[in-house]
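Here's the structure, in C-alpha cells; my notes come after.
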Amino acid sequence: MLGLLTAVAAGAAASYAGYATMGPESQLYGRTLTHGGDPGQIALTYDDGPNDPHTLHLLDLLARYNAKATFFLIGKYAAKRPDIVRAIHEAGHAIGNHTYSHPNLIFVSPGRLRQELTDCAKAMADAGLEAGETRLFRPPFGGRRPDVLSTARGMGLLPVMWSVTGYDWSAASAGAIIGKVTRQVDRHRRGEVVLLHDGGHVAFGTDRSFTVEATRRLLQKYAEEGRRFVSVHDLVAAKS
C-alpha cells in the first residue's frame with residue numbers, strides 16, 4: 001500500500017510539474033502576468049505575426065473601434081516584413097518578443113534561449129523599434145522552465161502569459177473562437193488577457209481569417225457592454 005501511495009504521489013507531482021511548464025496561469029516556475037485587475041479591461045494579444053494580410057486587417061479593425069492590442073512577434077517574420085512591424089507600432093499597439101524561430105523553450109539550451117531572444121530583438125530594432133518599446137515576452141506554446149523566465153527577466157523582459165484562450169489555431173469557424181473566448185471572459189469578469197494568433201509559426205502567410213472575423217465580433221460585443229480594449233502595458237499600469 002505504501003508503495004502504491006508513493007507511486008501515486010510521484011505521478012501527481014510529475015503531472016503538476018508538467019502543467020507548470022505549459023499551463024498559462026501556473027506560477028510555480030516564476031511569476032508571469034496572466035491577467036489584470038480591472039474587469040472593465042480586455043487585453044487582446046496576437047501571437048506569431050507579423051503576417052500578411054491578416055495582421056493588417058486586424059490593425060484596420062482595431063482602429064475602427066479605437067482599441068489597443070499587443071502583438072508578440074516572431075523575429076524571422078519581423079525581419080521578412082519590417083513594414084508591418086512599423087505599422088503595428090505606428091498604430092499605438094504594444095509589441096513583444098516571441099523568439100526568433102518559435103521553438104519550445106522547455107527543450108532548448110540556455111545559449112540558444114538567449115540567442116532566440118536576442119535575434120528577435122534585433123529584428124524588431126532593424127524595423128525601427130527602440131529597445132524600450134519591445135520589453136514584453138511570451139514563450140512559444142507557453143513553454144517555460146525557471147531559467148527561461150529568469151533569463152528573460154535578466155534581459156529586461158516582462159513574461160506575459162494569458163487567462164483566456166481562443167484556440168484559434170485549430171478553429172473551424174469564427175463562431176467557434178467567439179464561443180470559447182466569451183465563455184471564459186464572462187465567467188471570470190476580471191481584466192482578461194486573451195490569446196489569439198495573427199500568424200502561424202509553421203509558415204508565413206497562415207490563414208487567420210477566422211481570427212480576424214472573431215476579433216470584429218468581440219470588439220463589437222464588448223464595446224457595446226462598455227468594456228475597454230487595452231494593451232498589456234495599460235493592463236500593467238492599471239494593476240499596479
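So you can find residues: chains in the C-alpha cells are A, B, ... in the order shown, residues in each start at 1, and ligands are numbered from 1 in order.
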Non-local contacts of Pro53 in chain A (12 Å; only C-alpha atoms; under 2 positions in same chain excluded) as a short mmCIF file (atom, residue, chain, number, x, y, z; two decimals) with N, CA and C atoms, in the first residue's frame:
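Final file, selection-v4.cif:
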```
data_model
loop_
_atom_site.label_atom_id
_atom_site.label_comp_id
_atom_site.auth_asym_id
_atom_site.auth_seq_id
_atom_site.Cartn_x
_atom_site.Cartn_y
_atom_site.Cartn_z
N GLY A 49 2.86 36.69 -35.53
CA GLY A 49 3.00 37.60 -36.67
C GLY A 49 4.41 38.18 -36.70
N PRO A 50 4.61 39.17 -37.57
CA PRO A 50 3.62 39.78 -38.47
C PRO A 50 3.28 38.84 -39.62
N ASN A 51 2.07 39.02 -40.15
CA ASN A 51 1.57 38.10 -41.17
C ASN A 51 0.70 38.86 -42.16
N THR A 55 -2.54 40.48 -40.28
CA THR A 55 -2.16 41.49 -39.29
C THR A 55 -2.68 42.86 -39.71
N LEU A 56 -2.58 43.17 -40.98
CA LEU A 56 -3.06 44.46 -41.48
C LEU A 56 -4.57 44.59 -41.36
N HIS A 57 -5.29 43.50 -41.61
CA HIS A 57 -6.75 43.53 -41.41
C HIS A 57 -7.10 43.78 -39.95
N LEU A 58 -6.34 43.17 -39.05
CA LEU A 58 -6.58 43.39 -37.62
C LEU A 58 -6.32 44.84 -37.24
N LEU A 59 -5.27 45.43 -37.79
CA LEU A 59 -4.98 46.83 -37.49
C LEU A 59 -6.13 47.73 -37.93
N ASP A 60 -6.72 47.45 -39.07
CA ASP A 60 -7.87 48.23 -39.54
C ASP A 60 -9.05 48.10 -38.58
N ARG A 81 9.08 41.14 -42.88
CA ARG A 81 8.14 42.23 -43.14
C ARG A 81 8.26 43.34 -42.09
N ILE A 84 5.29 45.83 -41.73
CA ILE A 84 4.13 45.52 -40.89
C ILE A 84 4.47 45.78 -39.42
N ASP A 198 -2.34 36.11 -35.06
CA ASP A 198 -2.46 36.77 -36.36
C ASP A 198 -1.61 36.07 -37.41
N GLY A 199 -0.78 35.11 -36.98
CA GLY A 199 0.05 34.35 -37.90
C GLY A 199 0.15 32.91 -37.45
N PHE A 204 4.95 31.54 -42.87
CA PHE A 204 4.44 32.87 -43.11
C PHE A 204 3.25 32.77 -44.07
N GLY A 205 2.23 33.60 -43.84
CA GLY A 205 1.05 33.58 -44.71
C GLY A 205 -0.06 32.67 -44.23
N THR A 206 0.05 32.14 -43.02
CA THR A 206 -1.01 31.29 -42.47
C THR A 206 -2.35 32.02 -42.48
N ASP A 207 -3.40 31.32 -42.87
CA ASP A 207 -4.72 31.92 -42.96
C ASP A 207 -5.30 32.13 -41.57
N ARG A 208 -5.52 33.39 -41.20
CA ARG A 208 -6.13 33.73 -39.92
C ARG A 208 -7.42 34.53 -40.13
N SER A 209 -8.12 34.25 -41.21
CA SER A 209 -9.36 34.99 -41.48
C SER A 209 -10.41 34.74 -40.41
N VAL A 212 -9.61 37.08 -37.59
CA VAL A 212 -9.97 38.46 -37.92
C VAL A 212 -11.47 38.68 -37.72
#
```
Next on the checklist: Which residues are near Gly75 in chain A? Cut-off 12 Å, only C-alpha atoms, ignore same chain within fewer than 5 positions. Put them as number ranges by chain.
Outcome noted: A: 47-51, 80-82, 85, 95-103, 115-127, 134, 201, 204
Output C-alpha atoms of each residue in that selection to a file, as a short mmCIF file (atom, residue, chain, number, x, y, z; two decimals), in the first residue's frame.
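The result, stored in selection-v9.cif:
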```
data_model
loop_
_atom_site.label_atom_id
_atom_site.label_comp_id
_atom_site.auth_asym_id
_atom_site.auth_seq_id
_atom_site.Cartn_x
_atom_site.Cartn_y
_atom_site.Cartn_z
CA ASP A 47 1.00 35.68 -31.47
CA ASP A 48 3.12 34.53 -34.42
CA GLY A 49 3.00 37.60 -36.67
CA PRO A 50 3.62 39.78 -38.47
CA ASN A 51 1.57 38.10 -41.17
CA LYS A 80 10.75 39.48 -43.51
CA ARG A 81 8.14 42.23 -43.14
CA PRO A 82 9.52 45.16 -41.15
CA VAL A 85 6.12 45.80 -37.66
CA ILE A 95 4.86 44.75 -29.28
CA GLY A 96 6.55 41.80 -27.60
CA ASN A 97 9.31 39.28 -28.21
CA HIS A 98 8.11 35.80 -29.22
CA THR A 99 11.62 34.48 -30.05
CA TYR A 100 13.21 34.38 -33.48
CA SER A 101 12.09 30.95 -34.72
CA HIS A 102 9.39 29.82 -32.23
CA PRO A 103 10.99 26.78 -30.51
CA GLN A 115 20.17 33.82 -28.91
CA GLU A 116 16.48 33.42 -29.80
CA LEU A 117 15.55 36.43 -27.69
CA THR A 118 18.50 38.49 -28.90
CA ASP A 119 17.84 37.75 -32.58
CA CYS A 120 14.16 38.60 -32.26
CA ALA A 121 15.03 41.87 -30.52
CA LYS A 122 17.46 42.70 -33.32
CA ALA A 123 14.83 42.06 -36.00
CA MET A 124 12.48 44.46 -34.26
CA ALA A 125 15.25 47.02 -33.82
CA ASP A 126 16.09 46.72 -37.53
CA ALA A 127 12.43 47.54 -38.23
CA THR A 134 9.72 45.77 -27.00
CA HIS A 201 4.73 29.59 -36.56
CA PHE A 204 4.44 32.87 -43.11
#
```
Checklist entry - What lies within 10 Å of Asn66 in chain A using only C-alpha atoms, ignoring chain neighbours under 3 positions off, as an MDAnalysis selection string? => result chainID A and resid 60:63 219 223 228:230
Next on the checklist: Applying 12 Å and only C-alpha atoms, which residues near range 157-159 of chain A remain after dropping the ones on its own chain fewer than 3 positions away? List them as a ChimeraX atom specification.
Outcome noted: /A:24-25,27,29-35,72,95-99,114,117-118,121,131-140,142-144,146,148-154,162,232-233,236
Writing out the chosen residues with N, CA and C atoms as a compact mmCIF listing (two decimals), in the first residue's frame:
```
# COMPACT_ATOMS: atom_id res chain seq x y z
N PRO A 24 -0.91 28.13 -18.64
CA PRO A 24 -0.75 29.58 -18.76
C PRO A 24 -0.79 30.35 -17.45
N GLU A 25 -1.54 29.86 -16.47
CA GLU A 25 -1.66 30.63 -15.23
C GLU A 25 -0.82 30.06 -14.09
N GLN A 27 2.22 29.59 -11.69
CA GLN A 27 3.29 30.47 -11.24
C GLN A 27 4.41 29.68 -10.54
N TYR A 29 7.03 28.04 -11.61
CA TYR A 29 8.40 28.24 -12.09
C TYR A 29 8.80 29.70 -12.21
N GLY A 30 7.95 30.58 -11.72
CA GLY A 30 8.28 32.00 -11.76
C GLY A 30 7.06 32.84 -12.07
N ARG A 31 7.12 34.08 -11.65
CA ARG A 31 5.99 34.98 -11.81
C ARG A 31 5.83 35.42 -13.26
N THR A 32 4.60 35.37 -13.74
CA THR A 32 4.27 35.87 -15.08
C THR A 32 2.97 36.66 -14.98
N LEU A 33 2.76 37.56 -15.92
CA LEU A 33 1.50 38.29 -15.98
C LEU A 33 0.48 37.44 -16.72
N THR A 34 -0.68 37.19 -16.09
CA THR A 34 -1.72 36.38 -16.72
C THR A 34 -3.02 37.16 -16.90
N HIS A 35 -3.27 38.16 -16.07
CA HIS A 35 -4.50 38.95 -16.18
C HIS A 35 -4.32 40.25 -15.39
N PHE A 72 2.79 39.77 -30.22
CA PHE A 72 4.03 39.07 -29.90
C PHE A 72 4.59 38.51 -31.20
N ILE A 95 4.16 45.80 -28.53
CA ILE A 95 4.86 44.75 -29.28
C ILE A 95 5.75 43.97 -28.33
N GLY A 96 5.74 42.65 -28.46
CA GLY A 96 6.55 41.80 -27.60
C GLY A 96 7.39 40.81 -28.37
N ASN A 97 8.36 40.24 -27.67
CA ASN A 97 9.31 39.28 -28.21
C ASN A 97 8.74 37.86 -28.08
N HIS A 98 8.64 37.17 -29.21
CA HIS A 98 8.11 35.80 -29.22
C HIS A 98 9.16 34.83 -29.76
N THR A 99 10.42 35.19 -29.58
CA THR A 99 11.62 34.48 -30.05
C THR A 99 11.78 34.65 -31.56
N ARG A 114 18.95 32.46 -25.13
CA ARG A 114 19.41 33.84 -25.18
C ARG A 114 19.53 34.32 -26.62
N LEU A 117 16.07 35.14 -28.15
CA LEU A 117 15.55 36.43 -27.69
C LEU A 117 16.33 37.59 -28.27
N THR A 118 17.65 37.43 -28.35
CA THR A 118 18.50 38.49 -28.90
C THR A 118 18.22 38.71 -30.38
N ALA A 121 14.89 40.45 -30.88
CA ALA A 121 15.03 41.87 -30.52
C ALA A 121 15.74 42.64 -31.63
N ALA A 131 14.61 49.68 -28.03
CA ALA A 131 14.60 48.57 -27.08
C ALA A 131 13.50 48.72 -26.03
N GLY A 132 13.27 49.91 -25.57
CA GLY A 132 12.26 50.13 -24.55
C GLY A 132 10.84 49.88 -25.02
N GLU A 133 10.66 49.78 -26.33
CA GLU A 133 9.33 49.56 -26.89
C GLU A 133 8.99 48.08 -27.09
N THR A 134 9.92 47.21 -26.76
CA THR A 134 9.72 45.77 -27.00
C THR A 134 10.12 44.97 -25.76
N ARG A 135 9.67 45.40 -24.60
CA ARG A 135 10.09 44.78 -23.34
C ARG A 135 9.15 43.68 -22.86
N LEU A 136 8.20 43.28 -23.67
CA LEU A 136 7.31 42.18 -23.32
C LEU A 136 7.83 40.89 -23.94
N PHE A 137 7.53 39.77 -23.30
CA PHE A 137 7.99 38.46 -23.79
C PHE A 137 6.93 37.41 -23.55
N ARG A 138 6.66 36.63 -24.58
CA ARG A 138 5.77 35.46 -24.41
C ARG A 138 6.47 34.23 -24.96
N PRO A 139 6.62 33.19 -24.14
CA PRO A 139 7.28 31.97 -24.61
C PRO A 139 6.39 31.22 -25.60
N PRO A 140 6.93 30.74 -26.71
CA PRO A 140 6.16 29.95 -27.66
C PRO A 140 5.51 28.74 -26.99
N GLY A 142 3.71 28.68 -24.68
CA GLY A 142 3.64 28.88 -23.25
C GLY A 142 4.69 28.09 -22.48
N GLY A 143 5.61 27.42 -23.18
CA GLY A 143 6.58 26.54 -22.53
C GLY A 143 7.68 27.30 -21.83
N ARG A 144 7.89 27.01 -20.56
CA ARG A 144 8.97 27.68 -19.82
C ARG A 144 9.44 26.80 -18.67
N PRO A 146 12.19 27.39 -15.07
CA PRO A 146 12.62 28.53 -14.25
C PRO A 146 13.69 29.38 -14.92
N VAL A 148 14.17 29.88 -18.07
CA VAL A 148 13.61 30.64 -19.19
C VAL A 148 13.12 31.99 -18.68
N LEU A 149 12.38 31.96 -17.59
CA LEU A 149 11.84 33.21 -17.05
C LEU A 149 12.93 34.07 -16.45
N SER A 150 13.88 33.46 -15.76
CA SER A 150 14.95 34.27 -15.15
C SER A 150 15.84 34.90 -16.22
N THR A 151 16.10 34.17 -17.31
CA THR A 151 16.89 34.73 -18.40
C THR A 151 16.16 35.89 -19.05
N ALA A 152 14.88 35.70 -19.30
CA ALA A 152 14.09 36.78 -19.91
C ALA A 152 14.09 38.02 -19.03
N ARG A 153 13.89 37.83 -17.74
CA ARG A 153 13.90 38.99 -16.84
C ARG A 153 15.27 39.64 -16.79
N GLY A 154 16.32 38.81 -16.84
CA GLY A 154 17.67 39.35 -16.84
C GLY A 154 17.97 40.18 -18.06
N TRP A 162 -1.40 34.30 -20.40
CA TRP A 162 -2.77 34.67 -20.75
C TRP A 162 -3.74 33.99 -19.80
N VAL A 232 -1.21 45.34 -23.17
CA VAL A 232 -0.68 44.76 -21.93
C VAL A 232 -0.05 45.84 -21.07
N HIS A 233 0.58 46.84 -21.68
CA HIS A 233 1.16 47.93 -20.91
C HIS A 233 0.08 48.64 -20.09
N VAL A 236 -0.98 46.46 -17.13
CA VAL A 236 0.00 46.51 -16.06
C VAL A 236 -0.14 47.80 -15.27
```
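Compared by their closest atoms to Phe107 in chain A, and using only C-alpha atoms, the residues A:Asp234, A:Val160, A:Leu73, A:Thr21 rank with A:Thr21 nearest.
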Item to check | Long-range neighbours of Arg183 in chain A as a PyMOL selection string, 12 Å cut-off, only C-alpha atoms, 3 positions minimum in chain | outcome: chain A and resi 164-166+176-180+186-189+194+218
Next on the checklist: If we count only C-alpha atoms and set the cut-off at 6 Å, which residues sit around Thr70 in chain A, ignoring sequence neighbours fewer than 6 positions away in its own chain? Please answer as a list in words.
Outcome noted: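 My list of contacting residues is Thr45, His93, Ala94, Ile95 and Ser231 of chain A.
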